[in-house]
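Shown below: structure03.pdb, with PDB, C-alpha atoms, pLDDT in the B column.
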ATOM      1  CA  MET A  21      21.379   6.389  11.888  1.00 37.00           C
ATOM      2  CA  THR A  22      21.850   6.626   8.130  1.00 41.00           C
ATOM      3  CA  THR A  23      25.203   7.722   6.727  1.00 43.00           C
ATOM      4  CA  ILE A  24      23.753  10.488   4.536  1.00 52.00           C
ATOM      5  CA  HIS A  25      23.116  13.574   6.645  1.00 81.00           C
ATOM      6  CA  GLN A  26      20.100  14.711   4.619  1.00 87.00           C
ATOM      7  CA  GLU A  27      18.502  11.312   5.217  1.00 91.00           C
ATOM      8  CA  ALA A  28      19.462  11.069   8.894  1.00 89.00           C
ATOM      9  CA  VAL A  29      16.874   9.681  11.298  1.00 91.00           C
ATOM     10  CA  GLY A  30      16.612   9.494  15.076  1.00 90.00           C
ATOM     11  CA  THR A  31      17.243   6.529  17.306  1.00 90.00           C
ATOM     12  CA  ARG A  32      13.495   5.802  17.585  1.00 92.00           C
ATOM     13  CA  PHE A  33      12.915   5.653  13.833  1.00 95.00           C
ATOM     14  CA  ASP A  34      10.898   2.670  12.589  1.00 97.00           C
ATOM     15  CA  PRO A  35       9.650   2.385   8.984  1.00 96.00           C
ATOM     16  CA  ARG A  36       6.544   0.575  10.219  1.00 97.00           C
ATOM     17  CA  HIS A  37       5.640   3.543  12.402  1.00 97.00           C
ATOM     18  CA  MET A  38       6.124   5.843   9.416  1.00 97.00           C
ATOM     19  CA  LEU A  39       3.563   3.851   7.452  1.00 97.00           C
ATOM     20  CA  HIS A  40       1.191   3.859  10.413  1.00 98.00           C
ATOM     21  CA  ALA A  41       1.486   7.641  10.716  1.00 98.00           C
ATOM     22  CA  ARG A  42       0.837   7.932   6.995  1.00 98.00           C
ATOM     23  CA  GLU A  43      -2.306   5.795   7.185  1.00 98.00           C
ATOM     24  CA  ARG A  44      -3.681   7.660  10.206  1.00 98.00           C
ATOM     25  CA  THR A  45      -2.985  11.048   8.648  1.00 98.00           C
ATOM     26  CA  TRP A  46      -4.862  10.046   5.500  1.00 98.00           C
ATOM     27  CA  ALA A  47      -7.746   8.946   7.723  1.00 98.00           C
ATOM     28  CA  ALA A  48      -7.722  12.432   9.227  1.00 98.00           C
ATOM     29  CA  VAL A  49      -7.904  13.989   5.753  1.00 98.00           C
ATOM     30  CA  GLN A  50     -11.010  11.933   5.019  1.00 98.00           C
ATOM     31  CA  GLY A  51     -12.504  12.771   8.404  1.00 98.00           C
ATOM     32  CA  ILE A  52     -12.219  16.483   7.677  1.00 98.00           C
ATOM     33  CA  ARG A  53     -13.558  16.000   4.165  1.00 98.00           C
ATOM     34  CA  GLU A  54     -16.723  14.483   5.622  1.00 98.00           C
ATOM     35  CA  ARG A  55     -17.282  17.672   7.636  1.00 98.00           C
ATOM     36  CA  MET A  56     -16.804  20.135   4.776  1.00 98.00           C
ATOM     37  CA  ARG A  57     -20.074  21.754   3.703  1.00 98.00           C
ATOM     38  CA  PRO A  58     -21.274  24.916   1.969  1.00 98.00           C
ATOM     39  CA  GLY A  59     -20.837  27.989   4.117  1.00 98.00           C
ATOM     40  CA  ILE A  60     -17.999  26.697   6.308  1.00 98.00           C
ATOM     41  CA  THR A  61     -14.927  28.901   6.674  1.00 98.00           C
ATOM     42  CA  GLU A  62     -11.327  27.721   6.781  1.00 98.00           C
ATOM     43  CA  GLU A  63     -11.045  28.602  10.469  1.00 98.00           C
ATOM     44  CA  GLU A  64     -14.260  26.741  11.314  1.00 98.00           C
ATOM     45  CA  ALA A  65     -12.991  23.688   9.425  1.00 98.00           C
ATOM     46  CA  LYS A  66      -9.696  23.813  11.342  1.00 98.00           C
ATOM     47  CA  ALA A  67     -11.569  23.948  14.652  1.00 97.00           C
ATOM     48  CA  GLU A  68     -13.624  20.888  13.726  1.00 98.00           C
ATOM     49  CA  ALA A  69     -10.476  19.118  12.526  1.00 98.00           C
ATOM     50  CA  ALA A  70      -9.266  18.994  16.127  1.00 97.00           C
ATOM     51  CA  GLU A  71     -12.143  16.629  16.942  1.00 97.00           C
ATOM     52  CA  VAL A  72     -11.080  14.346  14.076  1.00 98.00           C
ATOM     53  CA  PHE A  73      -7.492  14.268  15.321  1.00 98.00           C
ATOM     54  CA  ARG A  74      -8.484  13.402  18.889  1.00 97.00           C
ATOM     55  CA  ALA A  75     -10.701  10.556  17.692  1.00 97.00           C
ATOM     56  CA  LEU A  76      -7.744   9.102  15.769  1.00 98.00           C
ATOM     57  CA  GLY A  77      -5.436   9.279  18.773  1.00 97.00           C
ATOM     58  CA  PHE A  78      -2.904  11.734  17.393  1.00 97.00           C
ATOM     59  CA  GLU A  79      -0.052  12.893  19.618  1.00 97.00           C
ATOM     60  CA  ARG A  80       0.498  16.391  18.276  1.00 97.00           C
ATOM     61  CA  LEU A  81       0.708  18.520  15.145  1.00 97.00           C
ATOM     62  CA  TRP A  82       4.114  18.912  13.588  1.00 94.00           C
ATOM     63  CA  HIS A  83       2.952  21.632  11.202  1.00 94.00           C
ATOM     64  CA  PRO A  84      -0.138  23.851  11.342  1.00 95.00           C
ATOM     65  CA  VAL A  85      -3.386  22.581   9.823  1.00 97.00           C
ATOM     66  CA  ILE A  86      -3.841  24.075   6.368  1.00 97.00           C
ATOM     67  CA  ILE A  87      -7.272  24.199   4.737  1.00 98.00           C
ATOM     68  CA  ARG A  88      -7.668  26.367   1.637  1.00 98.00           C
ATOM     69  CA  ILE A  89     -10.969  27.194  -0.039  1.00 98.00           C
ATOM     70  CA  GLY A  90     -11.686  28.606  -3.507  1.00 98.00           C
ATOM     71  CA  PRO A  91      -9.188  31.276  -4.595  1.00 98.00           C
ATOM     72  CA  ASN A  92      -7.011  30.498  -1.575  1.00 98.00           C
ATOM     73  CA  THR A  93      -6.109  27.154  -3.203  1.00 98.00           C
ATOM     74  CA  THR A  94      -3.483  29.009  -5.252  1.00 97.00           C
ATOM     75  CA  LYS A  95      -1.636  30.168  -2.114  1.00 96.00           C
ATOM     76  CA  THR A  96       1.400  28.504  -0.565  1.00 90.00           C
ATOM     77  CA  TYR A  97       1.559  27.486   3.096  1.00 86.00           C
ATOM     78  CA  ARG A  98       3.385  30.726   3.953  1.00 87.00           C
ATOM     79  CA  GLU A  99       0.689  32.992   2.495  1.00 93.00           C
ATOM     80  CA  ARG A 100      -2.266  34.286   4.454  1.00 94.00           C
ATOM     81  CA  SER A 101      -5.738  33.262   3.280  1.00 97.00           C
ATOM     82  CA  GLU A 102      -8.384  35.772   2.295  1.00 97.00           C
ATOM     83  CA  PRO A 103     -11.691  35.462   4.214  1.00 96.00           C
ATOM     84  CA  VAL A 104     -13.899  33.062   2.272  1.00 98.00           C
ATOM     85  CA  ARG A 105     -16.653  30.496   2.787  1.00 98.00           C
ATOM     86  CA  LEU A 106     -17.028  27.238   0.888  1.00 98.00           C
ATOM     87  CA  GLY A 107     -19.502  27.690  -1.941  1.00 98.00           C
ATOM     88  CA  GLU A 108     -22.178  25.328  -3.203  1.00 98.00           C
ATOM     89  CA  ASN A 109     -19.940  24.412  -6.146  1.00 98.00           C
ATOM     90  CA  ASP A 110     -16.399  24.918  -4.990  1.00 98.00           C
ATOM     91  CA  ILE A 111     -12.891  23.533  -4.514  1.00 98.00           C
ATOM     92  CA  TYR A 112     -10.760  23.168  -1.384  1.00 98.00           C
ATOM     93  CA  PHE A 113      -7.697  21.324  -0.177  1.00 98.00           C
ATOM     94  CA  ILE A 114      -6.515  19.863   3.122  1.00 98.00           C
ATOM     95  CA  ASP A 115      -2.854  19.646   4.183  1.00 98.00           C
ATOM     96  CA  LEU A 116      -2.066  17.862   7.466  1.00 98.00           C
ATOM     97  CA  GLY A 117       1.069  17.108   9.452  1.00 97.00           C
ATOM     98  CA  LEU A 118       0.272  14.827  12.402  1.00 98.00           C
ATOM     99  CA  VAL A 119       2.420  12.770  14.760  1.00 98.00           C
ATOM    100  CA  PHE A 120       1.459   9.190  15.622  1.00 98.00           C
ATOM    101  CA  GLU A 121       3.695   6.879  17.669  1.00 97.00           C
ATOM    102  CA  GLY A 122       6.440   9.483  17.547  1.00 97.00           C
ATOM    103  CA  HIS A 123       6.529   9.561  13.724  1.00 97.00           C
ATOM    104  CA  GLU A 124       5.447  12.220  11.271  1.00 97.00           C
ATOM    105  CA  GLY A 125       2.552  11.758   8.891  1.00 97.00           C
ATOM    106  CA  ASP A 126       2.034  14.258   6.094  1.00 97.00           C
ATOM    107  CA  ALA A 127      -0.857  14.072   3.653  1.00 98.00           C
ATOM    108  CA  GLY A 128      -2.774  16.452   1.444  1.00 98.00           C
ATOM    109  CA  ASP A 129      -5.496  16.247  -1.157  1.00 98.00           C
ATOM    110  CA  THR A 130      -7.972  18.438  -3.047  1.00 98.00           C
ATOM    111  CA  PHE A 131     -11.720  17.955  -3.231  1.00 98.00           C
ATOM    112  CA  VAL A 132     -14.708  19.497  -4.974  1.00 98.00           C
ATOM    113  CA  ILE A 133     -18.159  20.049  -3.535  1.00 98.00           C
ATOM    114  CA  GLY A 134     -21.257  20.277  -5.716  1.00 98.00           C
ATOM    115  CA  HIS A 135     -20.896  20.590  -9.490  1.00 98.00           C
ATOM    116  CA  ALA A 136     -17.638  22.241 -10.536  1.00 98.00           C
ATOM    117  CA  PRO A 137     -16.203  20.211 -13.417  1.00 98.00           C
ATOM    118  CA  GLU A 138     -13.304  22.543 -14.210  1.00 98.00           C
ATOM    119  CA  GLN A 139     -12.183  22.559 -10.580  1.00 98.00           C
ATOM    120  CA  GLN A 140     -12.616  18.778 -10.458  1.00 98.00           C
ATOM    121  CA  ALA A 141     -10.317  18.491 -13.453  1.00 98.00           C
ATOM    122  CA  CYS A 142      -7.724  20.494 -11.524  1.00 98.00           C
ATOM    123  CA  ALA A 143      -8.002  18.240  -8.465  1.00 98.00           C
ATOM    124  CA  ASP A 144      -7.710  15.152 -10.672  1.00 98.00           C
ATOM    125  CA  ALA A 145      -4.693  16.628 -12.444  1.00 98.00           C
ATOM    126  CA  ALA A 146      -2.825  17.172  -9.159  1.00 98.00           C
ATOM    127  CA  ARG A 147      -3.323  13.512  -8.233  1.00 98.00           C
ATOM    128  CA  GLU A 148      -2.286  12.348 -11.697  1.00 98.00           C
ATOM    129  CA  LEU A 149       0.802  14.565 -11.701  1.00 98.00           C
ATOM    130  CA  PHE A 150       1.796  13.118  -8.341  1.00 98.00           C
ATOM    131  CA  ARG A 151       1.309   9.588  -9.680  1.00 98.00           C
ATOM    132  CA  VAL A 152       3.392  10.010 -12.823  1.00 98.00           C
ATOM    133  CA  THR A 153       6.137  11.876 -10.955  1.00 98.00           C
ATOM    134  CA  ALA A 154       6.346   9.226  -8.231  1.00 98.00           C
ATOM    135  CA  ASP A 155       6.417   6.519 -10.909  1.00 97.00           C
ATOM    136  CA  ALA A 156       9.293   8.314 -12.647  1.00 97.00           C
ATOM    137  CA  TRP A 157      11.215   8.302  -9.355  1.00 97.00           C
ATOM    138  CA  ARG A 158      10.616   4.563  -8.932  1.00 96.00           C
ATOM    139  CA  GLN A 159      11.489   3.639 -12.506  1.00 96.00           C
ATOM    140  CA  GLN A 160      14.279   6.079 -13.395  1.00 96.00           C
ATOM    141  CA  GLY A 161      16.068   6.648 -10.086  1.00 91.00           C
ATOM    142  CA  LEU A 162      15.727  10.421 -10.381  1.00 96.00           C
ATOM    143  CA  THR A 163      17.344  12.836  -7.967  1.00 97.00           C
ATOM    144  CA  GLY A 164      15.123  15.196  -5.998  1.00 96.00           C
ATOM    145  CA  GLU A 165      16.115  18.031  -8.333  1.00 97.00           C
ATOM    146  CA  ALA A 166      15.333  15.988 -11.437  1.00 97.00           C
ATOM    147  CA  LEU A 167      12.039  14.908  -9.897  1.00 97.00           C
ATOM    148  CA  TYR A 168      10.727  18.464  -9.766  1.00 98.00           C
ATOM    149  CA  ALA A 169      12.098  19.306 -13.215  1.00 97.00           C
ATOM    150  CA  PHE A 170      10.114  16.306 -14.466  1.00 98.00           C
ATOM    151  CA  ALA A 171       7.011  17.474 -12.586  1.00 98.00           C
ATOM    152  CA  GLU A 172       7.253  20.926 -14.148  1.00 97.00           C
ATOM    153  CA  GLN A 173       7.492  19.506 -17.663  1.00 97.00           C
ATOM    154  CA  GLN A 174       4.544  17.203 -17.041  1.00 98.00           C
ATOM    155  CA  ALA A 175       2.421  20.002 -15.546  1.00 98.00           C
ATOM    156  CA  GLU A 176       3.007  22.179 -18.603  1.00 97.00           C
ATOM    157  CA  ALA A 177       2.141  19.309 -20.919  1.00 98.00           C
ATOM    158  CA  MET A 178      -1.088  18.796 -18.977  1.00 98.00           C
ATOM    159  CA  GLY A 179      -1.981  22.486 -19.230  1.00 98.00           C
ATOM    160  CA  TRP A 180      -1.375  23.504 -15.606  1.00 98.00           C
ATOM    161  CA  ARG A 181       1.095  25.770 -13.836  1.00 97.00           C
ATOM    162  CA  LEU A 182       3.335  24.126 -11.217  1.00 98.00           C
ATOM    163  CA  ASN A 183       3.980  26.161  -8.067  1.00 95.00           C
ATOM    164  CA  HIS A 184       7.774  26.365  -7.887  1.00 88.00           C
ATOM    165  CA  GLU A 185       7.813  27.300  -4.194  1.00 91.00           C
ATOM    166  CA  ILE A 186       6.464  23.858  -3.186  1.00 93.00           C
ATOM    167  CA  LYS A 187       9.314  21.352  -3.442  1.00 94.00           C
ATOM    168  CA  GLY A 188       8.702  18.575  -0.921  1.00 96.00           C
ATOM    169  CA  HIS A 189      10.591  17.822   2.281  1.00 94.00           C
ATOM    170  CA  ARG A 190      11.854  15.215   4.764  1.00 94.00           C
ATOM    171  CA  VAL A 191       9.849  13.338   7.385  1.00 95.00           C
ATOM    172  CA  SER A 192      10.983  10.879  10.044  1.00 94.00           C
ATOM    173  CA  ASP A 193      10.573  10.266  13.731  1.00 94.00           C
ATOM    174  CA  PHE A 194       9.610  13.578  15.336  1.00 93.00           C
ATOM    175  CA  PRO A 195      11.134  16.097  14.990  1.00 85.00           C
ATOM    176  CA  HIS A 196      12.673  15.710  11.545  1.00 71.00           C
ATOM    177  CA  SER A 197      13.721  19.369  11.654  1.00 67.00           C
ATOM    178  CA  VAL A 198      16.791  18.519  13.731  1.00 61.00           C
ATOM    179  CA  HIS A 199      18.319  16.981  10.599  1.00 60.00           C
ATOM    180  CA  LYS A 200      18.027  20.183   8.521  1.00 61.00           C
ATOM    181  CA  ALA A 201      17.539  18.163   5.363  1.00 69.00           C
ATOM    182  CA  GLY A 202      16.318  20.880   2.995  1.00 81.00           C
ATOM    183  CA  ASP A 203      13.727  20.534   0.246  1.00 93.00           C
ATOM    184  CA  LEU A 204      13.264  17.410  -1.857  1.00 96.00           C
ATOM    185  CA  GLY A 205      13.491  19.586  -4.975  1.00 96.00           C
ATOM    186  CA  GLU A 206      17.014  20.607  -3.972  1.00 94.00           C
ATOM    187  CA  TYR A 207      18.238  17.107  -3.066  1.00 94.00           C
ATOM    188  CA  GLY A 208      21.001  16.028  -5.441  1.00 94.00           C
ATOM    189  CA  ASP A 209      20.743  12.287  -4.813  1.00 94.00           C
ATOM    190  CA  ASN A 210      18.120   9.604  -5.397  1.00 95.00           C
ATOM    191  CA  PRO A 211      15.688   9.931  -2.454  1.00 96.00           C
ATOM    192  CA  SER A 212      15.260   6.833  -0.295  1.00 95.00           C
ATOM    193  CA  SER A 213      11.859   5.234   0.157  1.00 97.00           C
ATOM    194  CA  GLY A 214       9.801   6.265   3.170  1.00 96.00           C
ATOM    195  CA  LEU A 215      11.731   9.420   4.102  1.00 95.00           C
ATOM    196  CA  TRP A 216      10.520  12.160   1.763  1.00 96.00           C
ATOM    197  CA  ILE A 217       7.216  13.855   1.009  1.00 97.00           C
ATOM    198  CA  LEU A 218       6.505  14.631  -2.641  1.00 98.00           C
ATOM    199  CA  GLU A 219       4.354  17.757  -2.795  1.00 98.00           C
ATOM    200  CA  ILE A 220       2.502  18.826  -5.920  1.00 98.00           C
ATOM    201  CA  GLN A 221       0.688  22.155  -6.146  1.00 98.00           C
ATOM    202  CA  ILE A 222      -0.722  23.351  -9.445  1.00 98.00           C
ATOM    203  CA  ALA A 223      -2.904  26.232 -10.553  1.00 98.00           C
ATOM    204  CA  HIS A 224      -5.083  27.041 -13.518  1.00 98.00           C
ATOM    205  CA  PRO A 225      -3.055  29.231 -15.893  1.00 96.00           C
ATOM    206  CA  THR A 226      -5.644  32.031 -15.871  1.00 97.00           C
ATOM    207  CA  GLU A 227      -8.416  31.252 -13.351  1.00 97.00           C
ATOM    208  CA  PRO A 228      -8.098  31.791  -9.561  1.00 97.00           C
ATOM    209  CA  TYR A 229      -8.019  28.213  -8.338  1.00 98.00           C
ATOM    210  CA  GLY A 230      -5.517  25.408  -7.893  1.00 98.00           C
ATOM    211  CA  ALA A 231      -4.999  22.005  -6.352  1.00 98.00           C
ATOM    212  CA  PHE A 232      -2.615  20.278  -3.976  1.00 98.00           C
ATOM    213  CA  TYR A 233      -1.603  16.677  -3.411  1.00 98.00           C
ATOM    214  CA  GLU A 234       1.162  15.193  -1.264  1.00 98.00           C
ATOM    215  CA  ASP A 235       2.132  11.816   0.110  1.00 98.00           C
ATOM    216  CA  LEU A 236       5.107   9.799   1.293  1.00 98.00           C
ATOM    217  CA  LEU A 237       7.367   8.537  -1.495  1.00 98.00           C
ATOM    218  CA  THR A 238       7.531   4.758  -1.204  1.00 97.00           C
ATOM    219  CA  ARG A 239       8.762   2.041  -3.509  1.00 92.00           C
ATOM    220  CA  ASP A 240       5.489   0.111  -3.391  1.00 78.00           C
TER     221      ASP A 240
END
Since I need it in another form, could you write the structure as structure tokens?
Amino acid sequence: MTTIHQEAVGTRFDPRHMLHARERTWAAVQGIRERMRPGITEEEAKAEAAEVFRALGFERLWHPVIIRIGPNTTKTYRERSEPVRLGENDIYFIDLGLVFEGHEGDAGDTFVIGHAPEQQACADAARELFRVTADAWRQQGLTGEALYAFAEQQAEAMGWRLNHEIKGHRVSDFPHSVHKAGDLGEYGDNPSSGLWILEIQIAHPTEPYGAFYEDLLTRD
């Protein structure tokens, strides 16, 4: 067990299993991406996702599957989607929380289908904002609070609006919820490697679409 309550882990915790869960969860994201096609609904995509998870040997979900299409990409995980189908030229994101070998994987990314250059720029910006924010954590030793203040400044400079309700969270051996760690964006210390998920959700300042990207914060 670690000495810091907000970074507590269970007796089964193994950093190698965390990385394995991360890798498998990213494989699941790509597996769902390969099934996304014009006309599919979010609920249909979630149903097909179950086949991807079984093929990868997952143990269970630790949070519901989230797939957002078009205007729903501006919504947070707590908000209900509007009925929508994926268009010929459209944007969507995938957010997964899967358990492998008793450890929690959490991954999310945004993709564009067809020709939608403005939406593609949004998806690219979410990835870039994640990259520069994670690099700032590695290089400057930022606290969780400072990390999200940095992300907000960078998002504005890039011309996007950061969703303030999305502030990252803990992961560990399942279930991490027993540790009651709170959000990364409210953590007043320098987050340790391999225990926190950095979440980035941005939106166009005037148009009804956004993008999401998340991954495990690691030193490498």
Met38 of chain A surroundings by all atoms listed in the file, 8 Å radius, close-in-sequence under 5 positions cut, as a VMD selection string: chain A and resid 123 to 125 192 to 193 214
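Checking A:Phe33, A:Tyr233, A:Trp157, A:Tyr97 one by one against Asp144 of chain A, counting all atoms listed in the file, you find the shortest gap at A:Tyr233.
Using the PyMOL selection byres ((chain A and resi 58) around 7) on this structure selects Arg57, Gly59, Ile60, Leu106, Gly107 and Glu108 of chain A.
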For the file shown, what are the residues hit by the PyMOL selection byres ((chain A and resi 186) around 7), laid out as a ChimeraX atom specification? /A:183-185,187-188,219-221
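Between Ala166 of chain A and the candidates A:Pro211, A:Gly51, A:Pro35, A:Pro84, the tightest atom-to-atom separation, counting all atoms listed in the file, involves A:Pro211.
Running the PyMOL selection byres ((chain A and resi 180) around 7) on this file leaves A:Ala175, A:Glu176, A:Met178, A:Gly179, A:Arg181, A:Leu182, A:Ile222, A:Ala223, A:His224, A:Pro225 selected.
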Mind checking which residues fall within 10 Å of Gln139 of chain A, counting all atoms listed in the file, ignoring those fewer than 3 positions away in the same chain, and posting them as a PyMOL selection string? chain A and resi 90+109-112+130-133+135-136+142-145+223-224+227+229-231
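Among the candidates A:Pro91, A:Ser212, A:Asp126, A:Ala146, the one nearest to Thr163 of chain A when counting all atoms listed in the file is A:Ser212.
Across the model, the gap from atom CA of Thr238 of chain A to atom CA of Trp216 of chain A is 8.5 Å.
Between atom CA of Ala48 of chain A and atom CA of Arg147 of chain A the separation is 18.0 Å.
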Where is the centre and how long are the edges: axis-aligned box on segment 208-217 of chain A, 8 Å on each side, Å to one decimal, as lines of an AutoDock Vina configuration file:
center_x = 14.1
center_y = 10.6
center_z = -0.7
size_x = 29.8
size_y = 26.8
size_z = 25.5
Considering only C-alpha atoms, return as a PyMOL selection string whatever protein or nucleic-acid residues lie within 12 Å of Gly161 of chain A, sequence-local ones (same chain, fewer than 4 positions apart) excluded. chain A and resi 153-157+165-167+208-213+239
